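Shown next: upload03.cif, given as mmCIF, C-alpha atoms.
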data_target
loop_
_atom_site.label_atom_id
_atom_site.label_comp_id
_atom_site.auth_asym_id
_atom_site.auth_seq_id
_atom_site.Cartn_x
_atom_site.Cartn_y
_atom_site.Cartn_z
CA MET A 241 0.00 0.00 0.00
CA THR A 242 1.33 3.45 -0.91
CA ASP A 243 2.25 5.65 2.02
CA THR A 244 -0.16 8.59 1.92
CA GLY A 245 1.06 10.24 5.10
CA HIS A 246 -2.14 9.27 6.91
CA ASP A 247 -2.46 6.82 9.76
CA SER A 248 -3.56 3.40 8.62
CA TRP A 249 -4.89 0.32 10.26
CA ALA A 250 -5.69 -3.11 8.80
CA GLY A 251 -5.17 -1.76 5.29
CA PHE A 252 -7.46 1.24 5.72
CA ASP A 253 -6.34 4.85 5.34
CA LEU A 254 -7.51 7.07 8.17
CA ALA A 255 -7.47 10.69 7.02
CA GLU A 256 -6.92 13.63 9.35
CA PRO A 257 -9.97 14.09 11.57
CA PRO A 258 -12.48 16.60 10.14
CA ASN A 259 -11.83 20.10 11.50
CA ASP A 260 -11.92 23.77 10.58
CA THR A 261 -9.48 25.69 12.75
CA GLY A 262 -10.32 28.87 10.85
CA ALA A 263 -13.96 28.62 11.94
CA GLU A 264 -12.81 27.94 15.50
CA ARG A 265 -10.66 31.12 15.46
CA ARG A 266 -13.55 33.17 14.08
CA ILE A 267 -15.78 31.99 16.92
CA LEU A 268 -13.21 32.85 19.59
CA SER A 269 -12.50 36.24 18.02
CA ALA A 270 -16.22 37.08 18.04
CA MET A 271 -16.49 35.96 21.68
CA LEU A 272 -13.62 38.28 22.64
CA THR A 273 -15.39 41.16 20.89
CA TRP A 274 -19.13 40.66 21.37
CA PRO A 275 -20.51 39.45 24.73
CA GLU A 276 -23.69 38.38 22.91
CA ALA A 277 -21.61 36.01 20.80
CA ILE A 278 -20.65 34.10 23.95
CA ASP A 279 -24.32 33.59 24.75
CA ALA A 280 -25.18 32.57 21.19
CA VAL A 281 -22.45 29.98 20.63
CA GLY A 282 -22.71 28.80 24.22
CA ASP A 283 -26.13 27.37 23.34
CA VAL A 284 -24.53 25.27 20.58
CA LEU A 285 -21.00 24.26 21.49
CA LEU A 286 -19.22 22.31 24.20
CA PRO A 287 -15.45 22.67 24.74
CA GLU A 288 -14.83 19.23 23.23
CA HIS A 289 -16.43 20.35 19.97
CA PHE A 290 -13.24 22.34 19.25
CA TYR A 291 -10.49 20.40 17.52
CA MET A 292 -7.51 22.34 18.86
CA PRO A 293 -6.86 21.82 22.61
CA ALA A 294 -5.88 25.48 22.98
CA HIS A 295 -9.27 26.50 21.57
CA GLN A 296 -11.02 24.19 24.00
CA VAL A 297 -9.29 25.93 26.91
CA LEU A 298 -10.03 29.41 25.58
CA TYR A 299 -13.68 28.62 24.95
CA GLN A 300 -14.16 27.05 28.38
CA THR A 301 -12.50 30.04 30.07
CA MET A 302 -14.71 32.60 28.31
CA ILE A 303 -17.90 30.63 28.97
CA VAL A 304 -17.08 30.37 32.69
CA MET A 305 -16.19 34.08 32.91
CA ARG A 306 -19.40 35.12 31.15
CA ALA A 307 -21.47 32.89 33.44
CA ALA A 308 -19.80 34.54 36.45
CA GLY A 309 -20.70 37.99 35.12
CA LEU A 310 -17.07 38.96 34.40
CA HIS A 311 -16.00 41.19 31.54
CA VAL A 312 -14.44 39.21 28.67
CA ASP A 313 -11.68 40.61 26.47
CA GLY A 314 -8.11 39.73 25.57
CA ILE A 315 -6.65 41.21 28.75
CA THR A 316 -9.10 39.67 31.22
CA VAL A 317 -8.96 36.27 29.53
CA ARG A 318 -5.16 36.29 29.64
CA ALA A 319 -5.25 37.12 33.35
CA ARG A 320 -7.75 34.34 34.02
CA LEU A 321 -5.67 31.79 32.07
CA ALA A 322 -2.59 32.79 34.06
CA GLU A 323 -4.51 32.53 37.33
CA ASP A 324 -5.77 29.07 36.43
CA GLY A 325 -2.37 27.92 35.17
CA ASP A 326 -3.75 27.34 31.67
CA LEU A 327 -1.46 29.59 29.62
CA GLY A 328 0.64 26.52 28.87
CA ALA A 329 -2.21 25.20 26.73
CA LEU A 330 -1.60 28.18 24.41
CA GLY A 331 2.12 27.52 24.22
CA GLY A 332 3.30 29.45 27.27
CA HIS A 333 3.23 32.99 28.66
CA HIS A 334 4.48 34.89 25.63
CA GLU A 335 2.99 32.61 22.99
CA GLY A 336 -0.40 32.66 24.72
CA ALA A 337 -0.39 36.44 24.98
CA ALA A 338 0.52 36.77 21.29
CA TYR A 339 -2.24 34.35 20.29
CA LEU A 340 -4.85 36.33 22.23
CA VAL A 341 -3.65 39.55 20.59
CA MET A 342 -4.02 37.91 17.17
CA LEU A 343 -7.58 36.82 17.97
CA THR A 344 -8.47 40.23 19.41
CA ASP A 345 -7.05 42.13 16.43
CA ALA A 346 -8.83 39.91 13.90
CA LEU A 347 -11.91 41.31 12.20
CA ALA A 348 -14.56 39.74 14.42
CA GLU A 349 -17.66 38.32 12.78
CA PRO A 350 -21.06 39.61 13.90
CA VAL A 351 -23.07 37.34 16.16
CA PRO A 352 -25.16 35.63 13.42
CA ALA A 353 -22.01 34.76 11.46
CA ALA A 354 -20.32 33.46 14.63
CA LEU A 355 -23.32 31.24 15.26
CA GLY A 356 -23.02 29.90 11.72
CA SER A 357 -19.36 29.07 12.35
CA ALA A 358 -20.39 27.36 15.60
CA LEU A 359 -22.76 25.07 13.71
CA ILE A 360 -19.91 24.16 11.35
CA VAL A 361 -17.63 23.32 14.28
CA GLN A 362 -20.38 21.28 15.93
CA ARG A 363 -21.01 19.29 12.76
CA LEU A 364 -17.30 18.55 12.31
CA ALA A 365 -17.04 17.42 15.93
CA ILE A 366 -19.81 14.89 15.29
CA LEU A 367 -17.99 13.68 12.17
CA ARG A 368 -14.78 13.28 14.18
CA ARG A 369 -16.67 11.21 16.70
CA ALA A 370 -18.06 9.14 13.84
CA GLN A 371 -14.56 8.60 12.50
CA GLU A 372 -13.43 7.41 15.93
CA VAL A 373 -16.33 5.00 16.08
CA PHE A 374 -15.65 3.65 12.60
CA THR A 375 -12.03 3.11 13.59
CA THR A 376 -13.22 1.18 16.64
CA ALA A 377 -15.63 -0.74 14.42
CA LEU A 378 -12.80 -1.75 12.10
CA GLN A 379 -10.77 -2.91 15.07
CA ILE A 380 -13.71 -4.99 16.26
CA LEU A 381 -14.35 -6.51 12.84
CA HIS A 382 -10.66 -7.27 12.22
CA GLY A 383 -9.83 -8.43 15.72
CA SER A 384 -7.95 -11.66 16.10
CA ASP A 385 -10.42 -13.18 18.59
CA PRO A 386 -12.89 -15.54 16.92
CA GLU A 387 -16.45 -14.35 17.38
CA ASP A 388 -19.83 -14.95 15.81
CA PRO A 389 -20.27 -12.50 12.88
CA VAL A 390 -23.71 -11.41 14.01
CA ARG A 391 -22.39 -10.63 17.49
CA LEU A 392 -19.53 -8.66 15.93
CA VAL A 393 -21.91 -6.60 13.83
CA GLY A 394 -24.08 -6.09 16.89
CA ARG A 395 -21.14 -4.60 18.78
CA VAL A 396 -20.35 -2.35 15.83
CA THR A 397 -23.98 -1.22 15.71
CA ASP A 398 -23.81 -0.29 19.39
CA GLU A 399 -20.85 1.96 18.59
CA LEU A 400 -22.70 3.56 15.69
CA ASP A 401 -25.76 4.12 17.89
CA ARG A 402 -23.61 6.31 20.11
CA VAL A 403 -22.80 8.55 17.16
CA VAL A 404 -26.45 8.70 16.13
CA ALA A 405 -27.38 9.70 19.68
CA CYS A 406 -24.69 12.40 19.65
CA ALA A 407 -25.96 13.79 16.35
CA ALA A 408 -29.57 13.63 17.56
CA ASP A 409 -28.70 15.57 20.71
CA ALA A 410 -26.98 18.22 18.60
CA ALA A 411 -30.04 18.53 16.36
CA ASP A 412 -32.48 18.64 19.28
CA PRO A 413 -33.27 22.25 20.24
CA LEU A 414 -34.56 21.03 23.62
CA SER A 415 -31.54 18.91 24.57
CA GLY A 416 -30.44 21.55 27.07
CA ALA A 417 -32.05 24.23 29.19
CA VAL A 418 -34.06 26.84 27.27
CA THR A 419 -36.35 29.64 28.40
CA VAL A 420 -39.85 28.52 29.28
CA GLN A 421 -41.30 30.72 26.51
CA SER A 422 -39.08 28.98 23.96
CA PHE A 423 -39.95 25.60 25.44
CA VAL A 424 -43.72 26.03 25.11
CA THR A 425 -43.79 27.95 21.82
CA THR A 426 -40.74 28.07 19.56
CA HIS A 427 -39.79 24.42 19.94
CA ARG A 428 -43.26 23.00 20.40
CA GLU A 429 -43.38 19.28 19.64
CA HIS A 430 -46.43 17.33 18.54
CA ARG A 431 -46.63 13.57 18.71
CA GLU A 432 -49.03 12.25 16.08
CA PRO A 433 -51.66 9.68 17.07
CA VAL A 434 -50.92 6.12 16.02
CA ILE A 435 -54.36 5.01 17.19
CA PRO A 436 -56.40 8.17 17.81
CA ARG A 437 -57.30 8.67 21.49
CA ILE A 438 -55.53 5.41 22.36
CA LEU A 439 -51.79 5.49 21.61
CA HIS A 440 -49.65 8.30 20.23
CA GLU A 441 -46.12 8.21 18.89
CA GLN A 442 -43.55 7.11 21.52
CA ASP A 443 -46.24 6.05 24.03
CA ARG A 444 -45.41 2.99 26.17
CA LEU A 445 -47.99 0.52 27.42
CA VAL A 446 -47.38 -2.46 29.71
CA LEU A 447 -50.15 -5.06 30.06
CA VAL A 448 -50.15 -7.42 33.06
CA ALA A 449 -52.22 -10.59 33.34
CA ARG A 450 -51.83 -14.13 34.59
CA PRO A 451 -50.80 -16.83 32.09
CA GLY A 452 -53.72 -17.92 29.92
CA GLU A 453 -55.81 -14.79 30.48
CA GLY A 454 -55.47 -13.68 26.86
CA LYS A 455 -53.05 -10.76 27.06
CA THR A 456 -51.13 -11.93 23.98
CA THR A 457 -54.34 -12.17 21.98
CA LEU A 458 -55.48 -8.76 23.19
CA LEU A 459 -52.27 -7.08 22.04
CA GLN A 460 -52.39 -8.95 18.74
CA GLN A 461 -55.97 -7.76 18.24
CA ILE A 462 -54.87 -4.17 18.86
CA GLY A 463 -52.08 -4.62 16.32
CA VAL A 464 -54.13 -6.33 13.60
CA ARG A 465 -56.99 -3.86 13.87
CA ALA A 466 -54.59 -0.90 13.79
CA ALA A 467 -53.08 -2.30 10.56
CA ALA A 468 -56.59 -2.72 9.17
CA GLY A 469 -57.55 0.86 10.03
CA LEU A 470 -59.88 -0.08 12.88
CA HIS A 471 -60.13 1.20 16.46
CA PRO A 472 -59.01 -1.65 18.79
CA PHE A 473 -62.47 -1.99 20.39
CA ARG A 474 -64.98 0.34 18.75
CA GLN A 475 -66.42 -0.01 15.26
CA VAL A 476 -64.67 3.16 14.14
CA ARG A 477 -62.35 3.62 11.18
CA ILE A 478 -58.90 5.09 11.86
CA PRO A 479 -55.88 5.76 9.63
CA PRO A 480 -54.18 2.36 9.14
CA ALA A 481 -50.73 1.93 10.64
CA ARG A 482 -47.69 -0.22 9.95
CA VAL A 483 -47.48 -2.73 12.79
CA LEU A 484 -44.86 -5.18 14.04
CA ILE A 485 -46.07 -8.04 16.26
CA LEU A 486 -43.44 -9.71 18.44
CA ASP A 487 -44.15 -13.15 19.89
CA PHE A 488 -41.26 -14.42 21.98
CA GLU A 489 -43.12 -17.15 23.85
CA ASN A 490 -45.95 -19.01 22.11
CA PRO A 491 -45.50 -21.98 19.77
CA ARG A 492 -45.64 -20.77 16.20
CA ASP A 493 -48.61 -22.91 15.21
CA GLU A 494 -50.69 -21.31 17.99
CA SER A 495 -49.74 -17.82 16.86
CA GLN A 496 -50.39 -18.75 13.24
CA ASP A 497 -53.89 -20.04 14.05
CA ALA A 498 -54.79 -16.98 16.14
CA LEU A 499 -53.49 -14.48 13.61
CA GLU A 500 -55.04 -16.33 10.68
CA ARG A 501 -58.48 -15.87 12.23
CA MET A 502 -57.85 -12.19 12.89
CA ILE A 503 -56.46 -11.36 9.46
CA GLY A 504 -59.47 -13.13 7.96
CA LEU A 505 -61.64 -10.53 9.69
CA ALA A 506 -59.26 -7.72 8.76
CA ALA A 507 -59.37 -8.74 5.11
CA CYS A 508 -63.06 -7.83 5.05
CA GLU A 509 -62.19 -4.21 5.70
CA PRO A 510 -61.90 -1.80 2.74
CA GLY A 511 -58.33 -1.08 1.77
CA TRP A 512 -56.87 -3.95 3.78
CA ASP A 513 -53.17 -4.34 2.98
CA PRO A 514 -51.42 -7.30 4.64
CA GLY A 515 -48.09 -5.62 3.85
CA ARG A 516 -48.75 -3.22 6.75
CA LEU A 517 -48.61 -6.08 9.28
CA HIS A 518 -45.38 -7.88 10.16
CA VAL A 519 -44.77 -10.69 12.67
CA TRP A 520 -41.59 -11.92 14.33
CA SER A 521 -41.96 -15.20 16.18
CA GLU A 522 -39.10 -16.49 18.37
CA PRO A 523 -40.67 -18.94 20.87
CA GLU A 524 -37.35 -19.38 22.67
CA GLY A 525 -37.15 -15.64 23.35
CA LEU A 526 -34.67 -12.95 22.36
CA ASP A 527 -32.18 -11.60 24.91
CA ILE A 528 -32.05 -7.97 23.78
CA ALA A 529 -30.71 -6.87 27.17
CA GLY A 530 -27.62 -9.06 27.36
CA ASP A 531 -26.88 -10.23 23.82
CA PRO A 532 -25.62 -7.56 21.39
CA ALA A 533 -26.38 -9.84 18.44
CA ALA A 534 -30.01 -10.21 19.53
CA ALA A 535 -30.37 -6.47 20.06
CA PHE A 536 -28.84 -5.89 16.63
CA ARG A 537 -31.29 -8.28 14.98
CA LEU A 538 -34.31 -6.59 16.57
CA ALA A 539 -33.02 -3.09 15.80
CA SER A 540 -32.43 -4.15 12.19
CA GLU A 541 -36.01 -5.40 11.86
CA ILE A 542 -37.34 -2.15 13.31
CA ARG A 543 -35.29 -0.17 10.80
CA LYS A 544 -36.53 -2.38 7.96
CA VAL A 545 -40.23 -2.45 8.88
CA ARG A 546 -40.44 1.13 10.21
CA PRO A 547 -43.56 0.33 12.28
CA ARG A 548 -45.70 2.99 13.87
CA LEU A 549 -46.82 0.42 16.47
CA ILE A 550 -44.99 -2.52 18.06
CA VAL A 551 -46.96 -4.98 20.20
CA GLY A 552 -45.92 -8.21 21.88
CA GLY A 553 -43.63 -9.76 24.39
CA PRO A 554 -43.54 -11.04 27.05
CA THR A 555 -40.87 -8.88 28.61
CA TYR A 556 -39.34 -11.70 30.63
CA LYS A 557 -38.48 -13.48 27.36
CA MET A 558 -36.49 -10.40 26.23
CA ILE A 559 -33.90 -10.84 28.98
CA GLU A 560 -31.75 -13.77 30.07
CA ASP A 561 -32.16 -13.34 33.82
CA ASP A 562 -35.55 -12.03 34.91
CA ALA A 563 -34.29 -11.59 38.49
CA ASP A 564 -31.41 -9.31 37.45
CA ARG A 565 -32.60 -5.70 37.66
CA THR A 566 -29.76 -4.51 35.46
CA HIS A 567 -31.22 -6.62 32.64
CA HIS A 568 -34.58 -4.90 33.05
CA ALA A 569 -32.87 -1.53 32.93
CA ALA A 570 -30.98 -2.49 29.77
CA MET A 571 -34.20 -3.62 28.12
CA THR A 572 -36.09 -0.41 28.86
CA ARG A 573 -33.10 1.61 27.62
CA PHE A 574 -33.21 -0.33 24.36
CA TRP A 575 -36.89 0.41 23.85
CA ASP A 576 -36.51 4.05 24.86
CA ARG A 577 -33.66 4.54 22.42
CA TYR A 578 -35.54 3.14 19.42
CA ARG A 579 -39.03 4.45 20.14
CA VAL A 580 -37.62 7.98 20.37
CA ARG A 581 -35.51 7.50 17.25
CA TYR A 582 -38.26 5.97 15.08
CA GLY A 583 -41.36 7.32 16.79
CA PHE A 584 -43.32 4.09 17.22
CA ALA A 585 -45.77 3.41 20.04
CA LEU A 586 -44.98 0.32 22.11
CA ALA A 587 -47.32 -2.11 23.88
CA VAL A 588 -45.72 -5.06 25.69
CA GLU A 589 -47.07 -7.77 27.94
CA THR A 590 -45.71 -9.29 31.12
CA HIS A 591 -46.73 -11.51 34.02
CA PRO A 592 -47.49 -10.60 37.64
CA PRO A 593 -45.24 -11.89 40.43
CA ILE A 594 -45.64 -15.49 41.52
CA GLN A 595 -48.89 -15.84 43.45
CA GLN A 596 -48.57 -15.93 47.22
CA GLY A 597 -51.52 -17.88 48.64
CA LYS A 598 -54.82 -16.64 47.20
CA VAL A 599 -53.60 -13.12 46.52
CA VAL A 600 -52.48 -12.10 43.02
CA ALA A 601 -50.49 -8.87 42.85
CA TYR A 602 -51.54 -7.34 39.56
CA ARG A 603 -48.34 -5.49 38.81
CA PRO A 604 -45.34 -6.36 36.61
CA ALA A 605 -42.98 -9.02 37.90
CA GLY A 606 -39.29 -8.26 38.20
CA SER A 607 -37.91 -4.76 38.57
CA SER A 608 -39.92 -1.92 40.11
CA ARG A 609 -38.83 0.07 37.05
CA TRP A 610 -41.91 -1.30 35.28
CA LEU A 611 -44.18 0.51 37.72
CA ASN A 612 -42.83 3.89 36.66
CA TRP A 613 -41.68 3.39 33.09
CA PRO A 614 -44.83 3.26 30.90
CA GLU A 615 -47.40 5.94 30.17
CA PHE A 616 -50.08 3.27 30.55
CA GLY A 617 -50.00 0.30 32.92
CA PHE A 618 -53.04 -1.95 32.43
CA THR A 619 -54.19 -5.25 33.86
CA ILE A 620 -56.68 -7.98 33.00
CA GLU A 621 -58.27 -9.05 36.28
CA PRO A 622 -61.26 -11.09 37.41
CA ALA A 623 -64.48 -9.11 37.71
CA THR A 624 -65.99 -8.20 41.06
CA LYS A 625 -69.64 -8.56 42.04
CA LYS A 626 -70.23 -4.95 41.01
CA ASP A 627 -68.89 -5.49 37.48
CA PRO A 628 -71.11 -6.50 34.55
CA ALA A 629 -71.81 -10.20 34.24
CA GLY A 630 -69.32 -12.11 32.12
CA SER A 631 -66.77 -9.31 32.11
CA LEU A 632 -63.15 -9.03 33.12
CA ARG A 633 -61.76 -5.85 34.62
CA PHE A 634 -59.46 -3.81 32.41
CA GLY A 635 -57.71 -2.30 35.39
CA THR A 636 -54.52 -0.40 36.06
CA PHE A 637 -51.45 -1.10 38.17
CA ARG A 638 -50.76 2.64 38.11
CA ARG A 639 -52.72 5.69 37.06
CA PRO A 640 -52.19 6.63 33.40
CA ARG A 641 -49.61 9.34 32.96
CA ILE A 642 -51.70 10.82 30.14
CA GLN A 643 -55.38 11.51 30.70
CA GLY A 644 -58.24 11.70 28.23
CA ARG A 645 -57.54 8.55 26.23
CA ASP A 646 -60.32 6.20 25.10
CA TRP A 647 -59.44 3.05 27.07
CA PRO A 648 -62.27 0.68 28.12
CA ARG A 649 -63.29 -0.16 31.67
CA TYR A 650 -63.76 -3.88 31.19
CA LEU A 651 -63.37 -6.65 28.63
CA TYR A 652 -65.49 -9.49 27.30
CA ARG A 653 -64.21 -12.60 25.62
CA GLY A 654 -65.38 -12.09 22.06
CA GLY A 655 -66.99 -14.40 19.58
CA LEU A 656 -70.22 -13.21 18.01
CA PHE A 657 -70.50 -10.44 20.59
CA ALA A 658 -67.25 -8.95 19.17
CA GLY A 659 -67.98 -9.61 15.51
CA GLY A 660 -65.67 -12.60 15.60
CA TRP A 661 -62.76 -10.78 17.22
CA PRO A 662 -61.29 -12.37 20.37
CA TRP A 663 -62.03 -9.44 22.66
CA ALA A 664 -64.84 -6.91 23.03
CA ALA A 665 -64.76 -3.92 25.36
CA GLY A 666 -67.15 -2.09 27.62
CA TYR A 667 -66.96 1.57 28.54
CA ASP A 668 -69.63 1.89 31.26
CA GLY A 669 -67.71 0.95 34.36
CA PRO A 670 -69.15 -0.02 37.74
CA GLU A 671 -70.84 2.71 39.72
CA GLU A 672 -67.91 3.19 42.05
CA ASP A 673 -65.62 4.02 39.10
CA GLN A 674 -67.85 6.59 37.43
#
Go ahead and express the file in the form of structure tokens.
Amino acid sequence: MTDTGHDSWAGFDLAEPPNDTGAERRILSAMLTWPEAIDAVGDVLLPEHFYMPAHQVLYQTMIVMRAAGLHVDGITVRARLAEDGDLGALGGHHEGAAYLVMLTDALAEPVPAALGSALIVQRLAILRRAQEVFTTALQILHGSDPEDPVRLVGRVTDELDRVVACAADAADPLSGAVTVQSFVTTHREHREPVIPRILHEQDRLVLVARPGEGKTTLLQQIGVRAAAGLHPFRQVRIPPARVLILDFENPRDESQDALERMIGLAACEPGWDPGRLHVWSEPEGLDIAGDPAAAFRLASEIRKVRPRLIVGGPTYKMIEDDADRTHHAAMTRFWDRYRVRYGFALAVETHPPIQQGKVVAYRPAGSSRWLNWPEFGFTIEPATKKDPAGSLRFGTFRRPRIQGRDWPRYLYRGGLFAGGWPWAAGYDGPEEDQ
């Protein structure tokens, strides 16, 4: 391979990291001249966004001085650097003083132009981080240790996810503190409904019920009807959604039979498109919390399908050790990362803790994280004497974080009463719940 003067590794040329020292100098010059420039670029840049270490020190010093209400110019910054023992970062006493004079004497850009330079520096910092990650990825892929290829790619994907998160934070106008007026007006966000008055983009739902109560079928019904453009329980048309059903527990023939009946009903709806509905069945489970290869596979399917709604579970089949709270935390982090990135709503099922005597605790088993994590925590419980005959309670293990949604009060096992669908819903709850 010809020597290009660049670093190389495993046969790959690694060019000089992306940078624009001229833009960095223009920013610092503006900050030394215009106090408003410090405020403007301070909303965009961190010290590590600068490529040159000397620029990182200068930027940090001016930001700290401005925050403390101190006057910022070449003289005061030089004194502060000397006081903090940081003049060495600029080459020493005389070199540092000369560099500050050069920045002060430069024709400083106005604040809008300085902000434009700051965006350039920020973008290049993200690209440098990406280059670092790709270098790490190459080292992983060309490592001498034998490893399953899927696991290797999963580890690489984890590295790339860090860059994506860095870029997303940079593009997010609400990633840091902003004025309340800006928060509620300028950067107003709107999450579109996936199922109107039921689930919106990024919503999380956790459904708890004992084994055999029908929670899998209920979530599948919600998913199939959403793909068909139907409200989950009411005979109301809604905009159809792309849906991914995950079944990490049930034998495939059982899931095939249940879904075949439901898609037969969905096919009667105008405009039914089976291409909107995808299913992933892994009866042995998928350890997305502890196995990078498994997490990579699921993330890849999400990227490919681009669903607006994901339903399924159970959660305990998405982790290797259901008693390890760190596994629960890793799983919720996975779902939070991808629901925010791709905007889908998520509805997952889980079991209650093992029954102690005659008492069933209708809450998620495992980590207490599940009590606080979702926007909606629902249960399927036996009816009381005050509930309608033949019903099951559609209860809650915690109050919904978002009010005003169109969730039912109780459920009926379907059949003819539900038009052939497995579940029907009732909205007139018992007197005590009105």
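Evaluated on this file, the PyMOL selection byres ((chain A and resi 638) around 7) matches Leu611, Gly617, Thr636, Phe637, Arg639 and Pro640 of chain A.
By all atoms listed in the file, and with residues fewer than 4 positions from Gly336 in chain A along its chain excluded, the set lying at most 10 Å from it is Ala294, Arg318, Leu321, Ala322, Asp326, Leu327, Gly328, Ala329, Leu330, Gly331, Gly332, Leu340, Val341 and Met342 of chain A.
Between Val404 in chain A and the residues A:Trp613, A:Phe618, A:Tyr602, A:Tyr578, the shortest atom-to-atom distance, using only C-alpha atoms, involves A:Tyr578.
The space between CA of Ser357 in chain A and CA of Ala270 in chain A spans 10.3 Å.
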Counting all atoms listed in the file, the residue of A:Thr273, A:Thr566, A:Gln643, A:Ser521 that sits nearest Leu343 in chain A: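 Closest to Leu343 in chain A of all the choices is A:Thr273.
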Taking (-44.0, -11.3, 23.2) in the file's coordinates, which residues come within 7 Å, counting only C-alpha atoms, written as a compact mmCIF listing (two decimals) with C-alpha atoms, in the frame of the given file?
# COMPACT_ATOMS: atom_id res chain seq x y z
CA LEU A 486 -43.44 -9.71 18.44
CA ASP A 487 -44.15 -13.15 19.89
CA PHE A 488 -41.26 -14.42 21.98
CA GLU A 489 -43.12 -17.15 23.85
CA GLY A 552 -45.92 -8.21 21.88
CA GLY A 553 -43.63 -9.76 24.39
CA PRO A 554 -43.54 -11.04 27.05
CA THR A 555 -40.87 -8.88 28.61
CA VAL A 588 -45.72 -5.06 25.69
CA GLU A 589 -47.07 -7.77 27.94
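Between Ile594 in chain A and the candidates A:Gln496, A:Ala449, A:Glu276, A:Arg363, the tightest atom-to-atom separation, counting only C-alpha atoms, involves A:Ala449.
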May I have the protein, DNA and RNA residues with an atom at most 12 Å from (-37.5, -0.4, 22.8), counting only C-alpha atoms in the file's coordinates, returned as JSON, numbers by chain? {"A": [442, 443, 444, 445, 486, 528, 529, 535, 536, 538, 539, 542, 549, 550, 551, 552, 553, 555, 558, 568, 569, 570, 571, 572, 573, 574, 575, 576, 577, 578, 579, 580, 581, 582, 583, 584, 585, 586, 587, 588, 613, 614]}
Using only C-alpha atoms, can you tell me which of A:Lys544, A:Val476, A:Val483, A:Arg320 comes closest to Val464 in chain A? A:Val483
What gap, in Å, lies between CA of Gly515 in chain A and CA of Gly454 in chain A?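 Taking CA of Gly515 in chain A and CA of Gly454 in chain A, their separation equals 25.5 Å.
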Convert the output of the PyMOL selection byres ((chain A and resi 465) around 12) on the shown file into explicit residues, formatted as number ranges by chain. A: 434-435, 457-464, 466-483, 485, 499, 502-509, 512-514, 516-517, 549, 551, 661-663
Nearest candidate to Ala348 in chain A (options A:Ile366, A:Met271, A:Leu285, A:Val312; using only C-alpha atoms):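 Going through A:Ile366, A:Met271, A:Leu285, A:Val312 one by one, the smallest distance to Ala348 in chain A is for A:Met271.
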Please compute the CA of Arg546 in chain A-CA of Gly644 in chain A distance, one decimal, in Å.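 The value is 27.4 Å.
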How would you write, as a count of residues only, the residues chosen by the PyMOL selection byres ((chain A and resi 277) around 12) on this structure? 35
Give the answer as one residue: which of A:Leu367, A:Ile315, A:Leu632, A:Met305 has the shortest atom-to-atom distance to Ala665 in chain A, using only C-alpha atoms?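 Of the candidates, the smallest distance to Ala665 in chain A is held by A:Leu632.
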Using the file's own x, y and z axes, what box holds all listed atoms of range 629-643 of chain A with 3 Å on each side, keeping edges along x, y and z, and what are its centre and edge lengths in Å to one decimal, as AutoDock Vina command-line options?
--center_x -60.7 --center_y -0.3 --center_z 34.2 --size_x 28.2 --size_y 29.6 --size_z 14.0
Will you give me range 310-320 of chain A, written with N, CA and C atoms and laid out as an mmCIF file, in the first residue's frame?
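What follows is the written file decode-v5.cif:
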data_model
loop_
_atom_site.group_PDB
_atom_site.id
_atom_site.type_symbol
_atom_site.label_atom_id
_atom_site.label_comp_id
_atom_site.auth_asym_id
_atom_site.auth_seq_id
_atom_site.Cartn_x
_atom_site.Cartn_y
_atom_site.Cartn_z
ATOM 1 N N LEU A 310 -18.328 38.226 34.560
ATOM 2 C CA LEU A 310 -17.068 38.958 34.404
ATOM 3 C C LEU A 310 -16.938 39.497 32.978
ATOM 4 N N HIS A 311 -16.248 40.621 32.858
ATOM 5 C CA HIS A 311 -15.996 41.192 31.540
ATOM 6 C C HIS A 311 -15.004 40.311 30.783
ATOM 7 N N VAL A 312 -15.275 40.091 29.492
ATOM 8 C CA VAL A 312 -14.445 39.210 28.674
ATOM 9 C C VAL A 312 -13.785 40.023 27.571
ATOM 10 N N ASP A 313 -12.459 40.064 27.585
ATOM 11 C CA ASP A 313 -11.680 40.610 26.471
ATOM 12 C C ASP A 313 -10.298 39.960 26.529
ATOM 13 N N GLY A 314 -9.413 40.372 25.629
ATOM 14 C CA GLY A 314 -8.106 39.731 25.573
ATOM 15 C C GLY A 314 -7.331 39.837 26.855
ATOM 16 N N ILE A 315 -7.416 40.983 27.528
ATOM 17 C CA ILE A 315 -6.649 41.210 28.755
ATOM 18 C C ILE A 315 -7.195 40.365 29.906
ATOM 19 N N THR A 316 -8.521 40.397 30.090
ATOM 20 C CA THR A 316 -9.102 39.666 31.220
ATOM 21 C C THR A 316 -8.978 38.155 31.023
ATOM 22 N N VAL A 317 -9.101 37.700 29.788
ATOM 23 C CA VAL A 317 -8.965 36.266 29.533
ATOM 24 C C VAL A 317 -7.531 35.816 29.792
ATOM 25 N N ARG A 318 -6.552 36.649 29.371
ATOM 26 C CA ARG A 318 -5.155 36.294 29.637
ATOM 27 C C ARG A 318 -4.893 36.203 31.138
ATOM 28 N N ALA A 319 -5.435 37.143 31.904
ATOM 29 C CA ALA A 319 -5.245 37.117 33.353
ATOM 30 C C ALA A 319 -5.883 35.878 33.966
ATOM 31 N N ARG A 320 -7.059 35.518 33.475
ATOM 32 C CA ARG A 320 -7.751 34.337 34.022
ATOM 33 C C ARG A 320 -6.980 33.059 33.677
#
